[in-house]
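Please read the structure below before turning to the comments.
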Amino acid sequence: MSFLLGSFASSKLLNLTRFTSVASAVWPKSLWPSNDGVRSIATSPILLAEPLKKKKRLDPAIAKAREQRKQRRLEKEIRKLQKHARQLKPLDELQIPVQIQDNPKQRERRLPQLTTSEMENRWLLEMEMSKFKHTLVMHEYRAMENLMSSQQKALTELRNVSEDLYQAAIAIDETYIPFQSTGPVETPPFKDYNTPEGDYIDISRNWEK
């Protein structure tokens with residue numbers, strides 16, 4: 001009986017040795033069975049996969065319409081940018097306040113009604129002023145023509161006398177070019193002038209590029 005138990009134990013030990021050698025060649029040591037319950041449990045990553053959905057075929061007309069809408073939207077944005085590209089920076093000093101724009105009658109001037117005689121007098125005054133300005137302009141034109149003709153006549157006579165004097169007369173005087181002048185760079189202070197005290201706060205709007 002003891003002989004049978006010994007032979008059975010030796011056969012089991014031999015089988016365990018063979019299993020260990022094969023397992024060490026195939027499986028990593030982290031997957032070997034052990035006494036603790038943690039190393040004896042092997043897990044695999046959770047994939048959470050699902051069957052691929054069949055891709056729906058889109059109608060070519062619908063796809064083309066979407067592309068056209070997208071293209072029109074981009075063209076509209078480009079036109080909007082081009083429209084505001086040359087827009088100047090607004091000046092608050094030249095802008096009309098909103099209160100005046102909403103109530104234009106507050107600044108409306110009520111002119112008196114002109115009579116017939118007053119309208120005739122104004123018309124006659126305008127006609128007289130027009131004639132006076134016309135006469136003044138024609139007088140200036142005639143004076144300028146007389147000066148130019150006299151100058152040309154004098155140059156012609158001078159050229160007949162001497163060519164050198166004529167060339168010297170029509171030559172440019174370089175002493176007047178370039179013109180330079182100096183003057184006061186600072187104004188004199190006011191006598192008994194009390195300078196105001198306080199801080200200067202710049203409230204102008206900054207326009208960054």
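Every chain in the structure tokens takes a letter, A first, then B, and so on in the order presented; its residues are numbered from 1, and the ligands are numbered from 1 following the presented order.
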- Using the chain letters and numbers from this document, which residues of segment 93-189 of chain A does DSSP assign to alpha helix (DSSP H), as an MDAnalysis selection string? chainID A and resid 98:102 116:161 163:170
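Near segment 92-97 of chain A, within 10 Å and counting only C-alpha atoms, sit Lys89, Ile100, Gln101, Asp102, Ser204 and Arg205 of chain A, not including residues fewer than 3 positions from it in the same chain.
You will find atom CA of Ile62 of chain A at 22.9 Å from atom CA of Glu77 of chain A.
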